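Have a look at run-v2.txt below; it lists compact mmCIF, C-alpha atoms and all ligand atoms.
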```txt
# COMPACT_ATOMS: atom_id res chain seq x y z
CA MET A 1 -215.17 -72.00 101.23
CA ASP A 2 -214.03 -75.51 100.21
CA GLU A 3 -211.65 -77.37 102.47
CA LEU A 4 -208.30 -79.02 102.00
CA HIS A 5 -208.37 -82.54 103.36
CA ILE A 6 -205.25 -84.69 103.41
CA GLU A 7 -205.56 -88.15 104.88
CA ILE A 8 -202.68 -89.00 107.17
CA GLY A 9 -202.08 -92.55 108.24
CA ASP A 10 -199.41 -95.03 109.22
CA LEU A 11 -197.20 -96.42 106.52
CA PRO A 12 -197.94 -100.05 105.61
CA PRO A 13 -195.34 -102.67 106.67
CA GLU A 14 -193.81 -103.05 103.19
CA CYS A 15 -192.77 -99.38 103.38
CA GLU A 16 -191.01 -99.78 106.70
CA ASP A 17 -189.34 -102.95 105.37
CA LEU A 18 -187.98 -100.95 102.47
CA ARG A 19 -186.60 -98.06 104.55
CA PRO A 20 -183.50 -99.84 105.98
CA LYS A 21 -182.66 -101.25 102.54
CA VAL A 22 -182.63 -97.75 101.03
CA ARG A 23 -180.56 -96.45 103.97
CA ALA A 24 -178.00 -99.22 103.52
CA PHE A 25 -177.87 -98.59 99.77
CA ALA A 26 -177.31 -94.85 100.28
CA LYS A 27 -174.66 -95.45 102.93
CA LYS A 28 -172.77 -97.79 100.62
CA HIS A 29 -172.97 -95.78 97.42
CA LEU A 30 -172.61 -92.27 98.83
CA LYS A 31 -169.78 -92.94 101.23
CA ASN A 32 -167.33 -90.84 99.21
CA PHE A 33 -169.81 -88.04 98.63
CA SER A 34 -168.83 -84.72 100.23
CA ARG A 35 -171.32 -82.56 102.13
CA VAL A 36 -171.16 -79.95 99.39
CA GLN A 37 -171.99 -82.56 96.74
CA ARG A 38 -174.94 -83.67 98.88
CA ALA A 39 -176.20 -80.08 99.01
CA HIS A 40 -176.94 -80.33 95.27
CA ASN A 41 -179.49 -82.99 96.20
CA TRP A 42 -181.90 -84.04 93.43
CA SER A 43 -180.40 -81.59 90.94
CA GLY A 44 -177.04 -83.37 91.26
CA ARG A 45 -176.27 -85.64 88.35
CA ASP A 46 -174.48 -88.98 88.47
CA ILE A 47 -175.23 -91.53 85.77
CA GLU A 48 -173.61 -94.39 87.67
CA PHE A 49 -175.80 -93.67 90.69
CA SER A 50 -178.90 -93.60 88.43
CA LYS A 51 -177.90 -97.01 87.06
CA LYS A 52 -177.41 -98.37 90.56
CA MET A 53 -180.91 -97.18 91.47
CA ALA A 54 -182.18 -98.84 88.28
CA SER A 55 -180.59 -102.13 89.30
CA GLN A 56 -182.61 -102.02 92.54
CA GLY A 57 -185.85 -101.51 90.57
CA TRP A 58 -186.15 -97.97 91.95
CA LEU A 59 -186.61 -96.27 88.60
CA GLY A 60 -190.17 -96.68 87.37
CA MET A 61 -190.88 -98.25 90.74
CA THR A 62 -194.66 -97.74 90.55
CA TRP A 63 -195.07 -98.45 86.84
CA PRO A 64 -197.08 -101.49 85.76
CA LYS A 65 -195.21 -104.78 85.51
CA GLU A 66 -196.29 -105.26 81.89
CA PHE A 67 -194.08 -102.28 81.02
CA GLY A 68 -191.21 -103.66 83.09
CA GLY A 69 -191.94 -101.47 86.14
CA ALA A 70 -191.79 -102.83 89.66
CA GLY A 71 -195.53 -102.36 90.26
CA LYS A 72 -194.90 -100.97 93.77
CA SER A 73 -197.14 -98.49 95.57
CA MET A 74 -196.76 -94.69 95.59
CA LEU A 75 -196.09 -94.94 99.33
CA GLU A 76 -193.14 -97.27 98.79
CA ARG A 77 -191.80 -94.82 96.20
CA TYR A 78 -192.34 -92.03 98.70
CA VAL A 79 -190.23 -93.81 101.31
CA MET A 80 -187.47 -94.64 98.81
CA LEU A 81 -187.35 -91.01 97.70
CA GLU A 82 -187.48 -89.39 101.11
CA GLU A 83 -184.61 -91.58 102.30
CA LEU A 84 -182.47 -90.64 99.30
CA LEU A 85 -183.43 -86.95 99.36
CA ALA A 86 -182.63 -86.73 103.06
CA VAL A 87 -179.01 -87.65 102.35
CA GLY A 88 -178.65 -85.62 99.15
CA ALA A 89 -178.47 -88.45 96.62
CA PRO A 90 -177.73 -87.26 93.05
CA MET A 91 -180.84 -88.05 91.06
CA GLY A 92 -180.84 -85.27 88.46
CA ALA A 93 -179.90 -87.48 85.51
CA HIS A 94 -183.01 -89.65 85.61
CA TRP A 95 -185.27 -87.27 87.53
CA ALA A 96 -187.69 -85.98 84.87
CA ALA A 97 -187.83 -89.34 83.06
CA ASP A 98 -188.68 -91.22 86.25
CA ARG A 99 -191.01 -88.68 87.85
CA GLN A 100 -193.16 -87.64 84.94
CA MET A 101 -192.10 -88.72 81.43
CA GLY A 102 -192.38 -92.49 81.93
CA PRO A 103 -195.92 -92.16 83.35
CA LEU A 104 -196.79 -89.76 80.50
CA LEU A 105 -195.65 -92.22 77.83
CA ILE A 106 -197.37 -95.17 79.51
CA ARG A 107 -200.60 -93.21 79.70
CA TYR A 108 -200.61 -91.49 76.31
CA SER A 109 -198.40 -93.59 74.04
CA GLU A 110 -198.77 -97.07 75.39
CA ASP A 111 -198.47 -98.84 71.98
CA ARG A 112 -195.91 -96.66 70.25
CA LEU A 113 -193.37 -94.84 72.41
CA ALA A 114 -193.70 -96.60 75.75
CA PRO A 115 -192.58 -100.08 74.56
CA LYS A 116 -189.32 -98.61 73.24
CA ILE A 117 -188.53 -95.80 75.69
CA VAL A 118 -189.78 -97.14 79.03
CA PRO A 119 -187.22 -100.01 79.09
CA GLU A 120 -184.46 -97.47 78.41
CA ILE A 121 -185.66 -95.35 81.34
CA LEU A 122 -185.87 -98.39 83.59
CA ARG A 123 -182.24 -99.28 82.82
CA GLY A 124 -181.14 -95.72 83.65
CA GLU A 125 -180.12 -95.13 80.04
CA ALA A 126 -182.70 -92.60 78.78
CA PHE A 127 -182.59 -89.10 80.20
CA ILE A 128 -185.37 -86.72 79.17
CA CYS A 129 -185.71 -82.95 79.46
CA ILE A 130 -188.86 -80.89 79.87
CA GLY A 131 -189.57 -78.47 77.01
CA MET A 132 -192.36 -76.32 78.35
CA SER A 133 -191.09 -72.78 79.12
CA GLU A 134 -190.27 -70.30 76.37
CA PRO A 135 -189.12 -66.70 76.31
CA ASP A 136 -192.23 -64.77 77.54
CA SER A 137 -194.10 -68.01 78.31
CA GLY A 138 -193.32 -69.41 81.72
CA SER A 139 -196.22 -69.00 84.11
CA ASP A 140 -198.50 -68.30 81.17
CA LEU A 141 -197.70 -71.59 79.47
CA ALA A 142 -200.71 -71.34 77.15
CA SER A 143 -198.98 -68.48 75.33
CA ILE A 144 -196.20 -70.69 73.87
CA ARG A 145 -195.19 -69.90 70.30
CA THR A 146 -193.12 -72.91 69.29
CA ARG A 147 -195.05 -74.34 66.39
CA GLY A 148 -195.53 -77.75 64.81
CA SER A 149 -196.58 -77.82 61.14
CA LYS A 150 -197.84 -80.98 59.48
CA VAL A 151 -195.63 -82.41 56.74
CA GLU A 152 -195.63 -85.81 55.07
CA GLY A 153 -194.94 -88.54 57.63
CA GLY A 154 -194.63 -86.19 60.56
CA TRP A 155 -194.22 -82.64 61.80
CA LYS A 156 -191.74 -79.80 61.42
CA ILE A 157 -191.09 -78.00 64.70
CA ASN A 158 -189.83 -74.41 64.91
CA GLY A 159 -189.32 -72.29 68.01
CA ARG A 160 -187.32 -71.75 71.17
CA LYS A 161 -187.46 -73.28 74.65
CA VAL A 162 -185.70 -71.80 77.70
CA TRP A 163 -184.67 -72.88 81.19
CA THR A 164 -184.55 -76.46 79.89
CA SER A 165 -182.83 -78.30 82.74
CA GLY A 166 -180.35 -80.94 81.64
CA ALA A 167 -181.00 -80.50 77.89
CA HIS A 168 -177.25 -80.71 77.30
CA HIS A 169 -177.20 -84.27 78.69
CA ALA A 170 -180.67 -85.46 77.67
CA HIS A 171 -181.34 -88.03 74.97
CA TYR A 172 -184.90 -86.82 74.45
CA MET A 173 -187.13 -83.83 75.07
CA VAL A 174 -190.86 -83.83 75.64
CA ALA A 175 -191.94 -80.52 74.12
CA LEU A 176 -195.22 -78.66 74.32
CA VAL A 177 -195.90 -77.16 70.91
CA ARG A 178 -198.70 -75.24 69.24
CA THR A 179 -200.10 -77.27 66.33
CA ASN A 180 -203.29 -75.29 65.76
CA ASP A 181 -204.48 -71.77 66.37
CA SER A 182 -206.49 -71.68 69.54
CA GLU A 183 -209.60 -69.99 68.01
CA GLY A 184 -210.69 -68.22 71.16
CA ASN A 185 -209.78 -71.06 73.53
CA ARG A 186 -206.21 -70.43 74.74
CA HIS A 187 -205.84 -73.97 75.96
CA ALA A 188 -206.79 -75.64 72.70
CA GLY A 189 -204.45 -76.46 69.81
CA MET A 190 -201.35 -77.53 71.73
CA SER A 191 -199.65 -80.92 71.40
CA GLN A 192 -196.81 -82.81 73.03
CA PHE A 193 -193.96 -84.28 70.99
CA PHE A 194 -191.21 -86.71 71.85
CA ILE A 195 -188.09 -85.30 70.24
CA GLU A 196 -184.70 -87.00 69.87
CA MET A 197 -182.09 -84.48 70.97
CA ASP A 198 -179.68 -85.48 68.19
CA SER A 199 -182.25 -84.58 65.49
CA PRO A 200 -180.94 -82.18 62.83
CA GLY A 201 -182.02 -78.58 63.54
CA ILE A 202 -181.62 -78.66 67.34
CA THR A 203 -179.16 -76.26 68.97
CA VAL A 204 -178.61 -76.38 72.74
CA ARG A 205 -177.03 -73.28 74.26
CA PRO A 206 -176.00 -72.97 77.90
CA ILE A 207 -177.67 -70.60 80.36
CA VAL A 208 -175.41 -70.12 83.37
CA SER A 209 -177.33 -69.63 86.63
CA GLN A 210 -176.24 -67.39 89.51
CA LEU A 211 -174.56 -70.48 90.94
CA GLY A 212 -172.05 -70.06 88.13
CA THR A 213 -172.90 -73.47 86.68
CA ARG A 214 -174.86 -74.73 83.72
CA ILE A 215 -178.07 -76.32 84.95
CA PHE A 216 -180.39 -75.22 82.23
CA ASN A 217 -180.30 -74.22 78.58
CA GLU A 218 -181.89 -72.50 75.67
CA VAL A 219 -182.98 -75.01 73.03
CA VAL A 220 -183.57 -73.72 69.52
CA LEU A 221 -185.65 -75.88 67.19
CA ASP A 222 -185.14 -75.01 63.56
CA ASP A 223 -187.24 -77.10 61.15
CA VAL A 224 -186.83 -80.17 63.33
CA PHE A 225 -188.57 -83.18 61.77
CA VAL A 226 -190.50 -85.36 64.20
CA PRO A 227 -192.21 -88.51 62.85
CA ASP A 228 -195.94 -89.00 63.30
CA ASP A 229 -195.49 -91.73 65.91
CA HIS A 230 -193.59 -89.29 68.14
CA LEU A 231 -196.75 -87.26 68.75
CA ILE A 232 -197.69 -88.05 72.36
CA GLY A 233 -201.39 -88.68 72.91
CA VAL A 234 -203.84 -86.72 70.82
CA GLU A 235 -203.07 -83.76 68.58
CA GLY A 236 -204.51 -80.58 70.12
CA LYS A 237 -204.96 -82.13 73.59
CA GLY A 238 -201.50 -81.16 74.87
CA TRP A 239 -202.88 -78.83 77.53
CA ASP A 240 -204.84 -81.57 79.32
CA GLN A 241 -201.86 -83.90 79.11
CA VAL A 242 -199.40 -81.32 80.41
CA THR A 243 -201.72 -80.44 83.29
CA ASN A 244 -201.68 -84.08 84.38
CA GLU A 245 -197.90 -84.13 84.05
CA LEU A 246 -197.54 -81.00 86.20
CA LYS A 247 -199.52 -82.69 88.98
CA LEU A 248 -196.72 -85.28 89.18
CA GLU A 249 -194.07 -82.57 88.86
CA ARG A 250 -195.43 -80.69 91.87
CA SER A 251 -196.48 -83.52 94.13
CA GLY A 252 -193.30 -85.08 95.49
CA ALA A 253 -191.19 -84.90 98.65
CA GLU A 254 -188.50 -83.08 96.63
CA ARG A 255 -190.58 -79.95 97.10
CA PHE A 256 -189.50 -79.65 100.73
CA LEU A 257 -186.40 -81.85 100.83
CA SER A 258 -183.97 -80.08 98.53
CA SER A 259 -181.74 -78.37 101.09
CA THR A 260 -181.61 -80.94 103.86
CA GLN A 261 -177.82 -80.74 103.97
CA LEU A 262 -177.99 -77.25 105.46
CA LEU A 263 -180.29 -78.49 108.20
CA LEU A 264 -177.87 -81.36 108.88
CA GLU A 265 -174.97 -78.88 109.07
CA MET A 266 -176.89 -76.80 111.62
CA LEU A 267 -177.74 -79.90 113.67
CA ASP A 268 -174.07 -80.93 113.70
CA GLU A 269 -172.95 -77.48 114.77
CA ALA A 270 -175.71 -76.74 117.32
CA ASN A 271 -174.96 -76.57 121.01
CA PRO A 272 -177.80 -78.20 123.01
CA ASP A 273 -177.20 -75.67 125.81
CA ASN A 274 -177.85 -72.74 123.51
CA PRO A 275 -181.60 -71.94 123.80
CA GLN A 276 -181.68 -69.72 120.70
CA GLN A 277 -180.26 -72.53 118.58
CA THR A 278 -182.44 -75.27 120.04
CA VAL A 279 -185.65 -73.22 119.74
CA SER A 280 -184.98 -72.06 116.17
CA ILE A 281 -183.91 -75.46 114.90
CA GLY A 282 -186.76 -77.11 116.79
CA LYS A 283 -189.27 -74.88 115.00
CA VAL A 284 -187.73 -75.79 111.64
CA ILE A 285 -187.98 -79.49 112.42
CA ALA A 286 -191.62 -79.13 113.47
CA ARG A 287 -192.37 -77.56 110.08
CA TYR A 288 -190.53 -80.39 108.32
CA ALA A 289 -192.55 -82.95 110.27
CA THR A 290 -195.83 -81.34 109.17
CA LEU A 291 -194.78 -81.11 105.53
CA ARG A 292 -193.63 -84.70 105.63
CA GLN A 293 -197.02 -85.93 106.82
CA MET A 294 -198.80 -83.85 104.19
CA SER A 295 -196.46 -85.07 101.44
CA GLN A 296 -196.99 -88.68 102.47
CA GLY A 297 -200.73 -88.02 102.36
CA ILE A 298 -200.35 -86.77 98.77
CA ALA A 299 -198.62 -90.03 97.77
CA LEU A 300 -201.65 -91.83 99.22
CA MET A 301 -204.03 -89.56 97.25
CA ILE A 302 -202.22 -90.33 93.99
CA SER A 303 -202.31 -94.05 94.70
CA LYS A 304 -206.09 -93.81 95.18
CA GLY A 305 -206.49 -91.91 91.89
CA GLU A 306 -207.49 -88.67 93.66
CA ASP A 307 -206.48 -85.28 92.26
CA PRO A 308 -203.50 -84.00 94.28
CA SER A 309 -203.30 -80.50 92.68
CA LEU A 310 -204.54 -78.44 95.63
CA ALA A 311 -202.63 -80.37 98.32
CA ALA A 312 -199.47 -80.52 96.20
CA SER A 313 -199.58 -76.76 95.63
CA VAL A 314 -199.82 -76.16 99.38
CA VAL A 315 -196.86 -78.45 100.11
CA LYS A 316 -194.75 -76.99 97.29
CA ASP A 317 -195.50 -73.42 98.42
CA GLN A 318 -194.87 -74.10 102.10
CA GLY A 319 -191.88 -76.34 101.31
CA ALA A 320 -190.20 -73.58 99.30
CA LEU A 321 -190.89 -71.06 102.08
CA LEU A 322 -189.30 -73.35 104.67
CA GLU A 323 -186.28 -74.17 102.53
CA GLN A 324 -185.76 -70.53 101.59
CA SER A 325 -185.80 -69.52 105.25
CA LEU A 326 -182.90 -71.85 106.15
CA PRO A 327 -179.96 -69.70 104.97
CA ASP A 328 -181.13 -66.70 107.07
CA ILE A 329 -181.58 -68.94 110.10
CA ALA A 330 -178.07 -70.36 109.58
CA TYR A 331 -176.56 -66.85 109.28
CA GLU A 332 -178.31 -65.77 112.46
CA LEU A 333 -177.45 -68.83 114.55
CA PHE A 334 -173.91 -69.46 113.36
CA PRO A 335 -172.40 -66.10 112.32
CA GLU A 336 -168.89 -67.37 113.12
CA LYS A 337 -169.14 -69.92 110.27
CA LEU A 338 -169.58 -67.23 107.62
CA GLY A 339 -166.60 -67.18 105.28
CA ASP A 340 -164.53 -69.62 107.36
CA GLY A 341 -164.15 -71.94 104.36
CA SER A 342 -165.59 -74.94 106.26
CA GLU A 343 -168.01 -77.39 104.63
CA PHE A 344 -170.79 -75.67 106.60
CA ASP A 345 -169.80 -72.38 104.97
CA GLN A 346 -169.67 -73.95 101.49
CA VAL A 347 -173.05 -75.65 101.91
CA LEU A 348 -174.54 -72.38 103.19
CA ASN A 349 -173.13 -70.49 100.19
CA PHE A 350 -174.55 -73.02 97.78
CA ILE A 351 -178.03 -73.09 99.34
CA THR A 352 -178.11 -69.27 99.59
CA LEU A 353 -177.60 -69.02 95.84
CA ALA A 354 -179.82 -71.99 94.92
CA ALA A 355 -182.79 -71.20 97.18
CA PRO A 356 -184.41 -68.40 95.13
CA SER A 357 -185.08 -70.91 92.36
CA PHE A 358 -187.13 -73.15 94.71
CA SER A 359 -190.17 -70.89 94.30
CA LEU A 360 -189.73 -70.60 90.52
CA ARG A 361 -189.03 -74.10 89.19
CA GLY A 362 -192.14 -76.21 88.71
CA GLY A 363 -194.44 -73.19 89.07
CA THR A 364 -193.95 -69.87 90.86
CA ARG A 365 -195.28 -68.97 94.30
CA GLU A 366 -197.97 -66.68 92.84
CA ILE A 367 -199.19 -69.31 90.39
CA LEU A 368 -199.38 -71.96 93.14
CA ARG A 369 -201.27 -69.59 95.37
CA SER A 370 -203.76 -68.89 92.63
CA ILE A 371 -204.27 -72.69 92.25
CA ILE A 372 -204.76 -72.90 96.03
CA ALA A 373 -207.26 -70.03 96.00
CA LYS A 374 -209.22 -71.69 93.18
CA GLY A 375 -209.10 -75.08 94.92
CA LEU A 376 -210.50 -73.53 98.10
CA GLY A 377 -213.26 -71.81 96.12
CA LEU A 378 -211.89 -68.34 96.89
CA ARG A 379 -211.69 -67.14 93.30
C1 LIG A 401 -183.95 -74.12 88.41
C2 LIG A 401 -185.01 -74.04 87.35
C3 LIG A 401 -185.18 -75.11 86.49
C4 LIG A 401 -186.16 -75.02 85.49
N1 LIG A 401 -186.27 -76.08 84.62
C5 LIG A 401 -187.19 -76.02 83.63
C6 LIG A 401 -187.29 -77.09 82.68
O1 LIG A 401 -186.55 -78.09 82.75
N2 LIG A 401 -188.19 -76.99 81.68
C7 LIG A 401 -189.02 -75.91 81.56
O2 LIG A 401 -189.84 -75.90 80.66
N3 LIG A 401 -188.94 -74.86 82.44
C8 LIG A 401 -188.04 -74.90 83.46
N4 LIG A 401 -187.93 -73.86 84.34
C9 LIG A 401 -188.74 -72.67 84.12
C10 LIG A 401 -189.85 -72.44 85.15
O3 LIG A 401 -190.88 -73.36 84.96
C11 LIG A 401 -190.29 -70.99 84.94
O4 LIG A 401 -189.23 -70.16 85.39
C12 LIG A 401 -191.52 -70.65 85.72
O5 LIG A 401 -192.62 -71.35 85.21
C13 LIG A 401 -191.79 -69.14 85.69
O6 LIG A 401 -191.82 -68.65 84.40
P1 LIG A 401 -190.97 -67.36 83.98
O7 LIG A 401 -189.55 -67.60 84.41
O8 LIG A 401 -191.23 -67.09 82.54
O9 LIG A 401 -191.53 -66.17 84.88
P2 LIG A 401 -192.82 -65.31 84.61
O10 LIG A 401 -193.95 -66.19 84.24
O11 LIG A 401 -192.48 -64.21 83.67
O12 LIG A 401 -193.10 -64.73 86.04
C14 LIG A 401 -192.39 -63.60 86.58
C15 LIG A 401 -193.04 -63.22 87.89
O13 LIG A 401 -194.39 -62.80 87.65
C16 LIG A 401 -195.29 -63.56 88.44
N5 LIG A 401 -196.52 -63.84 87.69
C17 LIG A 401 -196.61 -64.30 86.42
N6 LIG A 401 -197.91 -64.46 86.08
C18 LIG A 401 -198.64 -64.11 87.16
C19 LIG A 401 -200.04 -64.10 87.42
N7 LIG A 401 -200.94 -64.48 86.51
N8 LIG A 401 -200.44 -63.69 88.65
C20 LIG A 401 -199.54 -63.32 89.60
N9 LIG A 401 -198.20 -63.30 89.39
C21 LIG A 401 -197.75 -63.71 88.19
C22 LIG A 401 -194.56 -64.86 88.72
O14 LIG A 401 -195.06 -65.50 89.88
C23 LIG A 401 -193.13 -64.39 88.88
O15 LIG A 401 -192.91 -63.92 90.17
C24 LIG A 401 -186.98 -73.88 85.35
C25 LIG A 401 -186.80 -72.81 86.24
C26 LIG A 401 -185.83 -72.88 87.22
C27 LIG A 401 -185.66 -71.71 88.15
```
How does this structure look as structure tokens?
Ligand SMILES: Cc1cc2nc3c(=O)[nH]c(=O)nc-3n(C[C@H](O)[C@H](O)[C@H](O)COP(=O)(O)OP(=O)(O)OC[C@H]3O[C@@H](n4cnc5c(N)ncnc54)[C@H](O)[C@@H]3O)c2cc1C
Amino acid sequence: MDELHIEIGDLPPECEDLRPKVRAFAKKHLKNFSRVQRAHNWSGRDIEFSKKMASQGWLGMTWPKEFGGAGKSMLERYVMLEELLAVGAPMGAHWAADRQMGPLLIRYSEDRLAPKIVPEILRGEAFICIGMSEPDSGSDLASIRTRGSKVEGGWKINGRKVWTSGAHHAHYMVALVRTNDSEGNRHAGMSQFFIEMDSPGITVRPIVSQLGTRIFNEVVLDDVFVPDDHLIGVEGKGWDQVTNELKLERSGAERFLSSTQLLLEMLDEANPDNPQQTVSIGKVIARYATLRQMSQGIALMISKGEDPSLAASVVKDQGALLEQSLPDIAYELFPEKLGDGSEFDQVLNFITLAAPSFSLRGGTREILRSIIAKGLGLR
């Protein structure tokens, strides 16, 4: 059996220098933010907050300076993010653009799309949605049916994407599309396109989640024209590109820091003389501490150019398990808070309804475990 090795070390001084700056920034700009708003965490959306982060150089923080990025290390980005996630900062507007689309464009469209779009992302003005999943193609992404057909000067795209988070606010979508029949190789013949959301032929319809709000959408593409220079990377190589993108999507601290507000509520409410509360919450914090070290180790792996897939899958799987266990722990430890209308109660309600999605978005538990099994040489 292969082994999972994650190097854990101290953070370099520039990271610890950054930490108080991020704390002061969050304190200043989130002072009017309620506890319930904070519970939304990185799925919360606030354009002004995104722009304020941009003005600090915290969007595209690790991107090369020649593209306007701050050229900082992955560990500095890790610290900036963990500080903001820990206090429930609203980062949903710029999230996909900053985490994965900017790096994708810099890597695969450095001469064409990156020079135009990356500056927009860095200013907090370009929000991008992820067009991967389709009806009947979620975990089995290679079975997508949205199709791109070559026409003069570009491509015509037809198909349907679902669960597209933020499509109703996004300026652009990066869509995975079939441009060629796979001829026996399921992973061949797919391509990625950069699509302007105001293109004729795009219809965005809401999908209301069990939270009762519109987070994601169905996006119908009906003969949408996309110019040749909006093909990202190489035609037919979309699978390899998307696999690299998913590594970034699964590797961050957001995979165990999306319901911190509920932990904070429990800490506020806990009575230090109550052994059941101190033991249960202590165990939760020990699990957080372990995940934090592993997640920091993943940031180090990415900065060294190592493949984080196996380690990131472990942290995402264990992070979702921990976060999904919090509502039950809160119900057990603080039954008197149930239905009392307090902020604790409202945060608990929100996390109870949101938590099932933590082991779906970005790859389901079963899919991650199959990546882990492969990575460990077990299948
Ligand atoms: C909050 C949220 C936001 C999302 N945002 C986006 C977005 O912005 N863009 C986007 O493209 N998608 C998005 N998604 C979609 C998400 O990526 C998919 O839901 C996910 O990949 C699972 O696909 P599916 O829903 O089609 O489920 P399915 O693939 O149908 O899976 C159903 C069940 O079967 C299991 N299963 C499937 N295949 C296997 C297998 N081979 N072995 C074992 N078990 C298996 C799964 O683990 C799951 O439990 C979002 C989802 C959520 C919940």
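Pocket residues of ligand LIG 401 (chain A), taken as those with any atom at most 7 Å away using only C-alpha atoms and all ligand atoms, are Cys129, Ile130, Gly131, Met132, Ser133, Pro135, Asp136, Ser137, Gly138, Ser139, Asp140, Lys161, Val162, Trp163, Thr164, Ser165, Gly166, Phe216, Ser357, Phe358, Leu360, Arg361, Gly362, Gly363, Thr364, Arg365, Glu366 and Ile367 of chain A.
Straight-line separation from atom CA of A:Leu322 to atom CA of A:Ile207: 27.1 Å.
Across the model, the gap from atom CA of A:Ala97 to atom CA of A:Gly154 is 23.7 Å.
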Close residues, A:Met197 itself excluded, 12 Å, all atoms listed in the file, min 3 positions apart in chain, as a list in words: Ala126, Phe127, Ile128, Cys129, Ile130, Gly131, Gly166, Ala167, His168, His169, Ala170, His171, Tyr172, Met173, Val174, Ala175, Phe193, Phe194, Pro200, Gly201, Ile202, Thr203, Val204, Val219, Val220, Leu221, Val224, Phe225 and Val226 of chain A
Option closest in space to A:Arg45, from A:Leu75, A:Val208, A:Ala188, A:Ala89 [counting only C-alpha atoms]: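 Smallest separation from A:Arg45 among the options: A:Ala89.
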